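What follows is the content of query_27.cif, which has mmCIF, N, CA and C atoms:
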```cif
data_coords
#
loop_
_atom_site.label_atom_id
_atom_site.label_comp_id
_atom_site.auth_asym_id
_atom_site.auth_seq_id
_atom_site.Cartn_x
_atom_site.Cartn_y
_atom_site.Cartn_z
N MET A 1 -43.29 47.13 -20.02
CA MET A 1 -43.30 48.06 -21.14
C MET A 1 -44.23 49.24 -20.85
N THR A 2 -45.29 49.02 -20.09
CA THR A 2 -46.25 50.09 -19.83
C THR A 2 -45.59 51.28 -19.15
N ASP A 3 -44.69 51.05 -18.20
CA ASP A 3 -44.01 52.15 -17.54
C ASP A 3 -43.18 52.97 -18.54
N LYS A 4 -42.52 52.29 -19.48
CA LYS A 4 -41.72 53.00 -20.48
C LYS A 4 -42.61 53.84 -21.40
N VAL A 5 -43.76 53.28 -21.78
CA VAL A 5 -44.70 54.03 -22.61
C VAL A 5 -45.18 55.27 -21.85
N ASN A 6 -45.53 55.09 -20.59
CA ASN A 6 -45.99 56.23 -19.78
C ASN A 6 -44.88 57.27 -19.61
N ASP A 7 -43.64 56.81 -19.40
CA ASP A 7 -42.51 57.74 -19.28
C ASP A 7 -42.33 58.53 -20.57
N ALA A 8 -42.43 57.84 -21.71
CA ALA A 8 -42.28 58.51 -23.00
C ALA A 8 -43.40 59.53 -23.22
N ARG A 9 -44.63 59.14 -22.90
CA ARG A 9 -45.76 60.08 -23.06
C ARG A 9 -45.56 61.32 -22.19
N GLU A 10 -45.12 61.11 -20.96
CA GLU A 10 -44.93 62.23 -20.04
C GLU A 10 -43.81 63.16 -20.52
N LEU A 11 -42.68 62.58 -20.94
CA LEU A 11 -41.56 63.39 -21.41
C LEU A 11 -41.94 64.18 -22.66
N PHE A 12 -42.63 63.52 -23.61
CA PHE A 12 -43.08 64.22 -24.81
C PHE A 12 -44.04 65.36 -24.45
N GLY A 13 -44.97 65.09 -23.57
CA GLY A 13 -45.93 66.11 -23.14
C GLY A 13 -45.26 67.28 -22.47
N ASP A 14 -44.28 67.01 -21.61
CA ASP A 14 -43.54 68.08 -20.94
C ASP A 14 -42.79 68.95 -21.95
N PHE A 15 -42.22 68.32 -22.98
CA PHE A 15 -41.47 69.06 -23.99
C PHE A 15 -42.40 69.84 -24.93
N SER A 16 -43.44 69.19 -25.42
CA SER A 16 -44.24 69.76 -26.51
C SER A 16 -45.40 70.63 -26.04
N GLY A 17 -45.83 70.43 -24.81
CA GLY A 17 -47.00 71.16 -24.33
C GLY A 17 -48.31 70.46 -24.67
N HIS A 18 -48.25 69.27 -25.27
CA HIS A 18 -49.46 68.49 -25.51
C HIS A 18 -49.12 67.01 -25.39
N LEU A 19 -50.13 66.21 -25.17
CA LEU A 19 -49.93 64.78 -24.95
C LEU A 19 -49.88 64.03 -26.27
N LEU A 20 -49.22 62.89 -26.24
CA LEU A 20 -49.18 62.00 -27.40
C LEU A 20 -50.56 61.41 -27.64
N ASP A 21 -50.88 61.20 -28.89
CA ASP A 21 -52.09 60.51 -29.28
C ASP A 21 -51.96 59.05 -28.83
N GLN A 22 -53.08 58.39 -28.68
CA GLN A 22 -53.05 56.98 -28.29
C GLN A 22 -52.50 56.09 -29.41
N GLU A 23 -52.65 56.53 -30.67
CA GLU A 23 -52.16 55.73 -31.80
C GLU A 23 -50.65 55.79 -31.86
N PHE A 24 -50.01 54.67 -32.17
CA PHE A 24 -48.56 54.63 -32.30
C PHE A 24 -48.19 54.82 -33.76
N ASP A 25 -48.25 56.05 -34.22
CA ASP A 25 -47.97 56.38 -35.61
C ASP A 25 -46.74 57.27 -35.65
N LEU A 26 -45.62 56.75 -36.12
CA LEU A 26 -44.36 57.50 -36.12
C LEU A 26 -44.48 58.81 -36.89
N ASP A 27 -45.24 58.81 -37.99
CA ASP A 27 -45.38 60.04 -38.77
C ASP A 27 -46.06 61.15 -37.98
N LEU A 28 -46.80 60.80 -36.97
CA LEU A 28 -47.47 61.80 -36.15
C LEU A 28 -46.71 62.04 -34.85
N GLN A 29 -45.42 61.79 -34.85
CA GLN A 29 -44.54 62.00 -33.69
C GLN A 29 -44.94 61.15 -32.50
N ASN A 30 -45.29 59.92 -32.75
CA ASN A 30 -45.62 59.04 -31.64
C ASN A 30 -44.56 57.97 -31.47
N MET A 31 -44.84 57.01 -30.64
CA MET A 31 -43.82 56.08 -30.18
C MET A 31 -43.75 54.81 -31.00
N VAL A 32 -42.57 54.22 -31.00
CA VAL A 32 -42.39 52.90 -31.58
C VAL A 32 -41.58 52.07 -30.60
N ASP A 33 -41.82 50.78 -30.62
CA ASP A 33 -41.06 49.87 -29.77
C ASP A 33 -39.71 49.64 -30.45
N LYS A 34 -38.63 49.81 -29.73
CA LYS A 34 -37.29 49.64 -30.28
C LYS A 34 -36.48 48.78 -29.33
N ASP A 35 -36.28 47.52 -29.69
CA ASP A 35 -35.46 46.62 -28.87
C ASP A 35 -35.91 46.62 -27.41
N ASN A 36 -37.19 46.38 -27.20
CA ASN A 36 -37.77 46.33 -25.85
C ASN A 36 -37.71 47.66 -25.11
N GLY A 37 -37.60 48.72 -25.85
CA GLY A 37 -37.66 50.06 -25.28
C GLY A 37 -38.68 50.85 -26.08
N VAL A 38 -38.86 52.07 -25.71
CA VAL A 38 -39.82 52.91 -26.41
C VAL A 38 -39.09 54.17 -26.84
N ILE A 39 -39.24 54.54 -28.10
CA ILE A 39 -38.71 55.82 -28.56
C ILE A 39 -39.87 56.63 -29.14
N PHE A 40 -39.73 57.94 -29.11
CA PHE A 40 -40.76 58.80 -29.69
C PHE A 40 -40.08 59.92 -30.45
N ALA A 41 -40.72 60.32 -31.55
CA ALA A 41 -40.19 61.40 -32.37
C ALA A 41 -40.61 62.72 -31.75
N PHE A 42 -39.64 63.64 -31.62
CA PHE A 42 -39.98 64.96 -31.09
C PHE A 42 -39.74 66.05 -32.11
N GLY A 43 -39.27 65.69 -33.30
CA GLY A 43 -39.07 66.71 -34.32
C GLY A 43 -38.54 66.14 -35.62
N ARG A 44 -38.39 67.04 -36.58
CA ARG A 44 -37.82 66.70 -37.89
C ARG A 44 -36.36 67.15 -37.88
N LEU A 45 -35.46 66.25 -38.25
CA LEU A 45 -34.04 66.59 -38.28
C LEU A 45 -33.75 67.44 -39.51
N ASP A 46 -33.19 68.63 -39.30
CA ASP A 46 -32.87 69.53 -40.40
C ASP A 46 -31.41 69.43 -40.83
N ALA A 47 -30.50 69.25 -39.85
CA ALA A 47 -29.07 69.19 -40.19
C ALA A 47 -28.26 68.57 -39.06
N LEU A 48 -27.14 67.99 -39.43
CA LEU A 48 -26.13 67.48 -38.49
C LEU A 48 -24.81 68.16 -38.85
N GLU A 49 -24.07 68.59 -37.85
CA GLU A 49 -22.76 69.18 -38.09
C GLU A 49 -21.71 68.35 -37.38
N GLY A 50 -20.74 67.86 -38.13
CA GLY A 50 -19.65 67.07 -37.57
C GLY A 50 -18.65 67.96 -36.86
N GLU A 51 -17.79 67.34 -36.05
CA GLU A 51 -16.81 68.12 -35.30
C GLU A 51 -15.84 68.87 -36.21
N ASN A 52 -15.68 68.39 -37.44
CA ASN A 52 -14.78 69.06 -38.38
C ASN A 52 -15.48 70.16 -39.17
N GLY A 53 -16.76 70.41 -38.91
CA GLY A 53 -17.50 71.47 -39.59
C GLY A 53 -18.31 71.00 -40.79
N ASP A 54 -18.12 69.75 -41.23
CA ASP A 54 -18.93 69.23 -42.33
C ASP A 54 -20.38 69.15 -41.89
N THR A 55 -21.29 69.53 -42.77
CA THR A 55 -22.71 69.54 -42.44
C THR A 55 -23.48 68.62 -43.37
N MET A 56 -24.41 67.87 -42.79
CA MET A 56 -25.33 67.03 -43.55
C MET A 56 -26.70 67.66 -43.37
N GLU A 57 -27.26 68.23 -44.45
CA GLU A 57 -28.55 68.89 -44.38
C GLU A 57 -29.61 68.01 -45.02
N PHE A 58 -30.84 68.14 -44.53
CA PHE A 58 -31.96 67.33 -45.02
C PHE A 58 -33.06 68.25 -45.53
N ALA A 59 -33.56 67.98 -46.74
CA ALA A 59 -34.70 68.72 -47.27
C ALA A 59 -35.93 68.35 -46.43
N ALA A 60 -36.81 69.30 -46.23
CA ALA A 60 -37.96 69.09 -45.35
C ALA A 60 -38.78 67.86 -45.74
N ASN A 61 -39.00 67.65 -47.03
CA ASN A 61 -39.84 66.51 -47.43
C ASN A 61 -39.08 65.18 -47.39
N ASP A 62 -37.76 65.20 -47.22
CA ASP A 62 -36.96 63.97 -47.14
C ASP A 62 -36.34 63.76 -45.76
N ALA A 63 -36.61 64.66 -44.84
CA ALA A 63 -35.92 64.66 -43.56
C ALA A 63 -36.35 63.49 -42.67
N PRO A 64 -35.38 62.90 -41.97
CA PRO A 64 -35.73 61.88 -40.98
C PRO A 64 -36.29 62.54 -39.72
N LEU A 65 -36.84 61.72 -38.85
CA LEU A 65 -37.33 62.19 -37.56
C LEU A 65 -36.24 62.03 -36.52
N ILE A 66 -36.14 62.98 -35.61
CA ILE A 66 -35.21 62.85 -34.49
C ILE A 66 -36.04 62.38 -33.30
N CYS A 67 -35.57 61.32 -32.65
CA CYS A 67 -36.34 60.64 -31.62
C CYS A 67 -35.53 60.53 -30.33
N SER A 68 -36.23 60.36 -29.23
CA SER A 68 -35.60 60.13 -27.93
C SER A 68 -36.09 58.81 -27.36
N SER A 69 -35.25 58.19 -26.56
CA SER A 69 -35.71 57.04 -25.79
C SER A 69 -36.65 57.54 -24.70
N HIS A 70 -37.41 56.63 -24.11
CA HIS A 70 -38.40 57.00 -23.10
C HIS A 70 -37.78 57.70 -21.90
N ASP A 71 -36.49 57.44 -21.64
CA ASP A 71 -35.83 58.04 -20.47
C ASP A 71 -34.98 59.26 -20.84
N GLY A 72 -34.96 59.63 -22.11
CA GLY A 72 -34.22 60.81 -22.56
C GLY A 72 -32.72 60.60 -22.68
N GLU A 73 -32.24 59.37 -22.54
CA GLU A 73 -30.80 59.13 -22.53
C GLU A 73 -30.21 58.70 -23.86
N GLN A 74 -31.05 58.47 -24.88
CA GLN A 74 -30.54 58.01 -26.18
C GLN A 74 -31.30 58.70 -27.29
N LEU A 75 -30.58 59.27 -28.25
CA LEU A 75 -31.21 59.86 -29.43
C LEU A 75 -31.12 58.87 -30.59
N HIS A 76 -32.18 58.83 -31.39
CA HIS A 76 -32.25 58.00 -32.59
C HIS A 76 -32.68 58.90 -33.74
N ILE A 77 -32.32 58.52 -34.94
CA ILE A 77 -32.76 59.20 -36.15
C ILE A 77 -33.41 58.14 -37.02
N VAL A 78 -34.69 58.33 -37.34
CA VAL A 78 -35.48 57.28 -37.97
C VAL A 78 -36.10 57.79 -39.27
N GLY A 79 -36.07 56.94 -40.30
CA GLY A 79 -36.74 57.25 -41.55
C GLY A 79 -36.00 58.27 -42.38
N GLY A 80 -36.72 58.90 -43.27
CA GLY A 80 -36.14 59.91 -44.14
C GLY A 80 -35.59 59.30 -45.41
N ASN A 81 -35.28 60.16 -46.35
CA ASN A 81 -34.74 59.74 -47.62
C ASN A 81 -33.40 60.46 -47.81
N TYR A 82 -32.33 59.79 -47.52
CA TYR A 82 -30.99 60.38 -47.58
C TYR A 82 -29.98 59.29 -47.88
N GLU A 83 -28.82 59.71 -48.28
CA GLU A 83 -27.72 58.77 -48.48
C GLU A 83 -26.73 58.96 -47.36
N ALA A 84 -26.39 57.89 -46.67
CA ALA A 84 -25.39 57.98 -45.62
C ALA A 84 -24.07 58.39 -46.25
N PRO A 85 -23.44 59.45 -45.74
CA PRO A 85 -22.22 59.95 -46.37
C PRO A 85 -21.04 59.00 -46.21
N ASP A 86 -21.05 58.21 -45.17
CA ASP A 86 -19.93 57.34 -44.86
C ASP A 86 -20.45 56.34 -43.84
N LEU A 87 -19.94 55.15 -43.84
CA LEU A 87 -20.40 54.16 -42.87
C LEU A 87 -19.58 54.21 -41.59
N GLU A 88 -18.55 55.01 -41.58
CA GLU A 88 -17.75 55.15 -40.38
C GLU A 88 -18.47 56.06 -39.38
N PRO A 89 -18.40 55.75 -38.09
CA PRO A 89 -19.02 56.63 -37.09
C PRO A 89 -18.43 58.04 -37.17
N ILE A 90 -19.28 59.04 -36.94
CA ILE A 90 -18.89 60.45 -37.07
C ILE A 90 -19.18 61.19 -35.77
N PRO A 91 -18.17 61.81 -35.14
CA PRO A 91 -18.45 62.67 -33.98
C PRO A 91 -19.29 63.87 -34.42
N ILE A 92 -20.35 64.15 -33.68
CA ILE A 92 -21.30 65.21 -34.04
C ILE A 92 -21.19 66.37 -33.06
N TYR A 93 -21.02 67.58 -33.61
CA TYR A 93 -20.94 68.78 -32.79
C TYR A 93 -22.30 69.43 -32.57
N ALA A 94 -23.18 69.40 -33.58
CA ALA A 94 -24.46 70.09 -33.44
C ALA A 94 -25.55 69.38 -34.22
N VAL A 95 -26.79 69.52 -33.73
CA VAL A 95 -27.97 69.06 -34.46
C VAL A 95 -28.93 70.25 -34.58
N GLU A 96 -29.61 70.30 -35.71
CA GLU A 96 -30.65 71.30 -35.92
C GLU A 96 -31.94 70.54 -36.21
N TYR A 97 -33.02 70.93 -35.54
CA TYR A 97 -34.28 70.25 -35.75
C TYR A 97 -35.44 71.22 -35.64
N SER A 98 -36.56 70.82 -36.24
CA SER A 98 -37.79 71.61 -36.21
C SER A 98 -38.85 70.79 -35.49
N THR A 99 -39.73 71.49 -34.78
CA THR A 99 -40.77 70.80 -34.04
C THR A 99 -41.94 71.74 -33.75
N TYR A 100 -43.05 71.16 -33.34
CA TYR A 100 -44.18 71.95 -32.84
C TYR A 100 -44.13 71.90 -31.32
N ARG A 101 -44.10 73.08 -30.76
CA ARG A 101 -44.01 73.17 -29.30
C ARG A 101 -44.97 74.25 -28.84
N ASP A 102 -45.82 73.91 -27.91
CA ASP A 102 -46.84 74.86 -27.43
C ASP A 102 -47.61 75.45 -28.60
N ASN A 103 -47.98 74.58 -29.54
CA ASN A 103 -48.77 74.94 -30.72
C ASN A 103 -48.09 75.94 -31.66
N LYS A 104 -46.75 76.01 -31.62
CA LYS A 104 -45.99 76.87 -32.52
C LYS A 104 -44.89 76.05 -33.19
N PHE A 105 -44.65 76.34 -34.46
CA PHE A 105 -43.54 75.71 -35.18
C PHE A 105 -42.26 76.42 -34.76
N GLU A 106 -41.28 75.65 -34.29
CA GLU A 106 -40.02 76.23 -33.82
C GLU A 106 -38.85 75.45 -34.37
N GLN A 107 -37.71 76.15 -34.50
CA GLN A 107 -36.48 75.51 -34.96
C GLN A 107 -35.42 75.67 -33.87
N TYR A 108 -34.65 74.61 -33.67
CA TYR A 108 -33.63 74.59 -32.62
C TYR A 108 -32.29 74.16 -33.18
N ARG A 109 -31.24 74.64 -32.56
CA ARG A 109 -29.88 74.18 -32.83
C ARG A 109 -29.28 73.84 -31.47
N HIS A 110 -28.81 72.61 -31.33
CA HIS A 110 -28.15 72.21 -30.09
C HIS A 110 -26.69 71.91 -30.39
N GLU A 111 -25.78 72.54 -29.64
CA GLU A 111 -24.35 72.27 -29.77
C GLU A 111 -23.92 71.43 -28.57
N PHE A 112 -23.32 70.30 -28.86
CA PHE A 112 -22.86 69.39 -27.82
C PHE A 112 -21.54 69.90 -27.22
N ASP A 113 -21.25 69.47 -26.02
CA ASP A 113 -19.99 69.80 -25.35
C ASP A 113 -18.84 69.19 -26.16
N ARG A 114 -17.93 70.04 -26.63
CA ARG A 114 -16.82 69.56 -27.48
C ARG A 114 -15.90 68.56 -26.77
N THR A 115 -15.91 68.53 -25.46
CA THR A 115 -15.04 67.61 -24.73
C THR A 115 -15.62 66.20 -24.66
N ASP A 116 -16.91 66.05 -25.02
CA ASP A 116 -17.55 64.73 -24.94
C ASP A 116 -18.65 64.62 -26.00
N LEU A 117 -18.23 64.63 -27.27
CA LEU A 117 -19.19 64.61 -28.38
C LEU A 117 -19.84 63.25 -28.54
N PRO A 118 -21.14 63.25 -28.88
CA PRO A 118 -21.76 61.97 -29.25
C PRO A 118 -21.26 61.55 -30.63
N VAL A 119 -21.35 60.28 -30.91
CA VAL A 119 -20.88 59.73 -32.18
C VAL A 119 -22.08 59.19 -32.94
N LEU A 120 -22.23 59.63 -34.20
CA LEU A 120 -23.31 59.17 -35.05
C LEU A 120 -22.90 57.85 -35.71
N ASN A 121 -23.76 56.85 -35.58
CA ASN A 121 -23.53 55.53 -36.16
C ASN A 121 -24.62 55.23 -37.17
N PHE A 122 -24.32 54.40 -38.15
CA PHE A 122 -25.27 54.07 -39.21
C PHE A 122 -25.65 52.60 -39.11
N ASP A 123 -26.95 52.33 -39.11
CA ASP A 123 -27.49 50.98 -39.15
C ASP A 123 -28.33 50.88 -40.42
N LEU A 124 -27.70 50.51 -41.53
CA LEU A 124 -28.39 50.50 -42.81
C LEU A 124 -29.44 49.40 -42.89
N GLU A 125 -29.25 48.33 -42.15
CA GLU A 125 -30.22 47.23 -42.16
C GLU A 125 -31.58 47.69 -41.64
N ASN A 126 -31.57 48.54 -40.61
CA ASN A 126 -32.81 49.03 -40.02
C ASN A 126 -33.14 50.46 -40.43
N ASP A 127 -32.42 51.00 -41.41
CA ASP A 127 -32.67 52.36 -41.91
C ASP A 127 -32.68 53.36 -40.76
N GLU A 128 -31.61 53.35 -39.99
CA GLU A 128 -31.56 54.21 -38.81
C GLU A 128 -30.14 54.71 -38.57
N MET A 129 -30.08 55.93 -38.06
CA MET A 129 -28.84 56.47 -37.52
C MET A 129 -29.09 56.63 -36.02
N PHE A 130 -28.05 56.41 -35.23
CA PHE A 130 -28.22 56.56 -33.78
C PHE A 130 -26.92 57.08 -33.17
N PHE A 131 -27.06 57.64 -31.99
CA PHE A 131 -25.91 58.21 -31.29
C PHE A 131 -25.40 57.26 -30.22
N THR A 132 -24.09 57.22 -30.08
CA THR A 132 -23.45 56.57 -28.94
C THR A 132 -22.53 57.61 -28.30
N ASP A 133 -22.11 57.33 -27.11
CA ASP A 133 -21.19 58.21 -26.39
C ASP A 133 -21.81 59.59 -26.17
N GLY A 134 -21.01 60.51 -25.72
CA GLY A 134 -21.49 61.86 -25.43
C GLY A 134 -22.28 61.90 -24.13
N ARG A 135 -22.37 63.10 -23.59
CA ARG A 135 -23.15 63.28 -22.35
C ARG A 135 -24.23 64.31 -22.63
N TYR A 136 -25.44 63.82 -22.82
CA TYR A 136 -26.59 64.67 -23.09
C TYR A 136 -27.83 63.95 -22.60
N THR A 137 -28.91 64.67 -22.46
CA THR A 137 -30.22 64.09 -22.18
C THR A 137 -31.27 64.90 -22.93
N PHE A 138 -32.38 64.27 -23.20
CA PHE A 138 -33.53 64.97 -23.76
C PHE A 138 -34.48 65.24 -22.60
N THR A 139 -34.81 66.51 -22.39
CA THR A 139 -35.66 66.93 -21.27
C THR A 139 -36.83 67.74 -21.79
N ASP A 140 -37.59 68.29 -20.86
CA ASP A 140 -38.70 69.15 -21.24
C ASP A 140 -38.24 70.42 -21.95
N ARG A 141 -36.95 70.72 -21.89
CA ARG A 141 -36.38 71.88 -22.57
C ARG A 141 -35.71 71.51 -23.90
N GLY A 142 -35.74 70.24 -24.26
CA GLY A 142 -35.08 69.77 -25.49
C GLY A 142 -33.81 69.03 -25.16
N ILE A 143 -32.85 69.03 -26.09
CA ILE A 143 -31.57 68.34 -25.86
C ILE A 143 -30.71 69.23 -24.98
N GLU A 144 -30.15 68.65 -23.93
CA GLU A 144 -29.29 69.39 -23.03
C GLU A 144 -28.02 68.61 -22.77
N ASN A 145 -26.90 69.30 -22.63
CA ASN A 145 -25.64 68.66 -22.23
C ASN A 145 -25.76 68.32 -20.76
N SER A 146 -25.18 67.18 -20.37
CA SER A 146 -25.23 66.81 -18.95
C SER A 146 -23.85 66.61 -18.39
#
```
Give the structure from this file in structure tokens form.
Amino acid sequence: MTDKVNDARELFGDFSGHLLDQEFDLDLQNMVDKDNGVIFAFGRLDALEGENGDTMEFAANDAPLICSSHDGEQLHIVGGNYEAPDLEPIPIYAVEYSTYRDNKFEQYRHEFDRTDLPVLNFDLENDEMFFTDGRYTFTDRGIENS
């Protein structure tokens, strides 16, 4: 597990311009253990846009956190106060998120490759949304199509 924690700290530091705190506090964009892996929050999720153009927007005080796995290969959405619009998986075209990067508040919009969209899934038991499929990675530059 230590290697995964170190990988997560390094990836977060490369993206944000500062290192993770030693405390594992999700509210402070730090890491949590997830099924023998490590995920870390890199921003606040502002909106999701489905392939059909439907948008799910989140108020800042109710917004979930957008998280990456330690290796950048899996995105998770954790926490927040929202109602899942449907329990069926939804192909996602774009995500919008806010984060602090290099000591500045910034907002990003990432559009996924339409030929290989990730699919948003709902896990109500664990209060989480997560992505499957799609070809993307989280890098020091944010979410990138691969």
Quick one: which range 46-95 of chain A residues come within 9 Å of range 136-140 of chain A, and what is the nearest atom pair for each with the distance in Å to one decimal, counting only C-alpha atoms, rows ordered by chain and ascending number, as CSV?
```
residue,atom,partner,partner_atom,distance
A:Ser68,CA,A:Phe138,CA,6.7
A:Ser69,CA,A:Phe138,CA,8.5
A:Asp71,CA,A:Phe138,CA,8.0
A:Gly72,CA,A:Phe138,CA,4.4
A:Glu73,CA,A:Thr137,CA,5.0
A:Gln74,CA,A:Thr137,CA,7.3
A:Leu75,CA,A:Phe138,CA,8.0
```
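Restricting the calculation to only N, CA and C atoms, the smallest distance between Glu51 in chain A and any of A:Pro91, A:Gly134, A:Gly80, A:Gly142 is found for A:Pro91.
Closest approach to Asn81 in chain A from the set A:Gln107, A:Asn61, A:Ser98, A:Asn52 is made by A:Asn61, with distances taken over all atoms listed in the file.
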Please return the centre and edge lengths, in Å to one decimal, of a box with edges along x, y and z that contains all listed atoms of range 134-143 of chain A, widened by 8 Å on every side, as lines of an AutoDock Vina configuration file.
```
center_x = -29.9
center_y = 66.2
center_z = -23.5
size_x = 33.7
size_y = 27.4
size_z = 21.2
```
Evaluate the PyMOL selection byres (((chain A and resi 99 and name CA) around 12) and name CA) on the structure here and hand back the selected residues as number ranges by chain. A: 12, 15-17, 28-29, 41-46, 60, 65-67, 96-98, 100-109, 142
Those selected residues, please, written with N, CA and C atoms and delivered as an mmCIF file, in the coordinates of the input.
```
data_model
loop_
_atom_site.group_PDB
_atom_site.id
_atom_site.type_symbol
_atom_site.label_atom_id
_atom_site.label_comp_id
_atom_site.auth_asym_id
_atom_site.auth_seq_id
_atom_site.Cartn_x
_atom_site.Cartn_y
_atom_site.Cartn_z
ATOM 1 N N PHE A 12 -42.630 63.520 -23.610
ATOM 2 C CA PHE A 12 -43.080 64.220 -24.810
ATOM 3 C C PHE A 12 -44.040 65.360 -24.450
ATOM 4 N N PHE A 15 -42.220 68.320 -22.980
ATOM 5 C CA PHE A 15 -41.470 69.060 -23.990
ATOM 6 C C PHE A 15 -42.400 69.840 -24.930
ATOM 7 N N SER A 16 -43.440 69.190 -25.420
ATOM 8 C CA SER A 16 -44.240 69.760 -26.510
ATOM 9 C C SER A 16 -45.400 70.630 -26.040
ATOM 10 N N GLY A 17 -45.830 70.430 -24.810
ATOM 11 C CA GLY A 17 -47.000 71.160 -24.330
ATOM 12 C C GLY A 17 -48.310 70.460 -24.670
ATOM 13 N N LEU A 28 -46.800 60.800 -36.970
ATOM 14 C CA LEU A 28 -47.470 61.800 -36.150
ATOM 15 C C LEU A 28 -46.710 62.040 -34.850
ATOM 16 N N GLN A 29 -45.420 61.790 -34.850
ATOM 17 C CA GLN A 29 -44.540 62.000 -33.690
ATOM 18 C C GLN A 29 -44.940 61.150 -32.500
ATOM 19 N N ALA A 41 -40.720 60.320 -31.550
ATOM 20 C CA ALA A 41 -40.190 61.400 -32.370
ATOM 21 C C ALA A 41 -40.610 62.720 -31.750
ATOM 22 N N PHE A 42 -39.640 63.640 -31.620
ATOM 23 C CA PHE A 42 -39.980 64.960 -31.090
ATOM 24 C C PHE A 42 -39.740 66.050 -32.110
ATOM 25 N N GLY A 43 -39.270 65.690 -33.300
ATOM 26 C CA GLY A 43 -39.070 66.710 -34.320
ATOM 27 C C GLY A 43 -38.540 66.140 -35.620
ATOM 28 N N ARG A 44 -38.390 67.040 -36.580
ATOM 29 C CA ARG A 44 -37.820 66.700 -37.890
ATOM 30 C C ARG A 44 -36.360 67.150 -37.880
ATOM 31 N N LEU A 45 -35.460 66.250 -38.250
ATOM 32 C CA LEU A 45 -34.040 66.590 -38.280
ATOM 33 C C LEU A 45 -33.750 67.440 -39.510
ATOM 34 N N ASP A 46 -33.190 68.630 -39.300
ATOM 35 C CA ASP A 46 -32.870 69.530 -40.400
ATOM 36 C C ASP A 46 -31.410 69.430 -40.830
ATOM 37 N N ALA A 60 -36.810 69.300 -46.230
ATOM 38 C CA ALA A 60 -37.960 69.090 -45.350
ATOM 39 C C ALA A 60 -38.780 67.860 -45.740
ATOM 40 N N LEU A 65 -36.840 61.720 -38.850
ATOM 41 C CA LEU A 65 -37.330 62.190 -37.560
ATOM 42 C C LEU A 65 -36.240 62.030 -36.520
ATOM 43 N N ILE A 66 -36.140 62.980 -35.610
ATOM 44 C CA ILE A 66 -35.210 62.850 -34.490
ATOM 45 C C ILE A 66 -36.040 62.380 -33.300
ATOM 46 N N CYS A 67 -35.570 61.320 -32.650
ATOM 47 C CA CYS A 67 -36.340 60.640 -31.620
ATOM 48 C C CYS A 67 -35.530 60.530 -30.330
ATOM 49 N N GLU A 96 -29.610 70.300 -35.710
ATOM 50 C CA GLU A 96 -30.650 71.300 -35.920
ATOM 51 C C GLU A 96 -31.940 70.540 -36.210
ATOM 52 N N TYR A 97 -33.020 70.930 -35.540
ATOM 53 C CA TYR A 97 -34.280 70.250 -35.750
ATOM 54 C C TYR A 97 -35.440 71.220 -35.640
ATOM 55 N N SER A 98 -36.560 70.820 -36.240
ATOM 56 C CA SER A 98 -37.790 71.610 -36.210
ATOM 57 C C SER A 98 -38.850 70.790 -35.490
ATOM 58 N N TYR A 100 -43.050 71.160 -33.340
ATOM 59 C CA TYR A 100 -44.180 71.950 -32.840
ATOM 60 C C TYR A 100 -44.130 71.900 -31.320
ATOM 61 N N ARG A 101 -44.100 73.080 -30.760
ATOM 62 C CA ARG A 101 -44.010 73.170 -29.300
ATOM 63 C C ARG A 101 -44.970 74.250 -28.840
ATOM 64 N N ASP A 102 -45.820 73.910 -27.910
ATOM 65 C CA ASP A 102 -46.840 74.860 -27.430
ATOM 66 C C ASP A 102 -47.610 75.450 -28.600
ATOM 67 N N ASN A 103 -47.980 74.580 -29.540
ATOM 68 C CA ASN A 103 -48.770 74.940 -30.720
ATOM 69 C C ASN A 103 -48.090 75.940 -31.660
ATOM 70 N N LYS A 104 -46.750 76.010 -31.620
ATOM 71 C CA LYS A 104 -45.990 76.870 -32.520
ATOM 72 C C LYS A 104 -44.890 76.050 -33.190
ATOM 73 N N PHE A 105 -44.650 76.340 -34.460
ATOM 74 C CA PHE A 105 -43.540 75.710 -35.180
ATOM 75 C C PHE A 105 -42.260 76.420 -34.760
ATOM 76 N N GLU A 106 -41.280 75.650 -34.290
ATOM 77 C CA GLU A 106 -40.020 76.230 -33.820
ATOM 78 C C GLU A 106 -38.850 75.450 -34.370
ATOM 79 N N GLN A 107 -37.710 76.150 -34.500
ATOM 80 C CA GLN A 107 -36.480 75.510 -34.960
ATOM 81 C C GLN A 107 -35.420 75.670 -33.870
ATOM 82 N N TYR A 108 -34.650 74.610 -33.670
ATOM 83 C CA TYR A 108 -33.630 74.590 -32.620
ATOM 84 C C TYR A 108 -32.290 74.160 -33.180
ATOM 85 N N ARG A 109 -31.240 74.640 -32.560
ATOM 86 C CA ARG A 109 -29.880 74.180 -32.830
ATOM 87 C C ARG A 109 -29.280 73.840 -31.470
ATOM 88 N N GLY A 142 -35.740 70.240 -24.260
ATOM 89 C CA GLY A 142 -35.080 69.770 -25.490
ATOM 90 C C GLY A 142 -33.810 69.030 -25.160
#
```
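You will find atom N of Glu144 in chain A at 12.0 Å from CA of Pro118 in chain A.
In this structure, CA of Ala59 in chain A sits 11.6 Å away from atom C of Gly79 in chain A.
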Quick check, in Å to one decimal: how far apart do CA of Val95 in chain A and CA of Ser146 in chain A lie?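 Distance reported for this atom pair: 15.9 Å.
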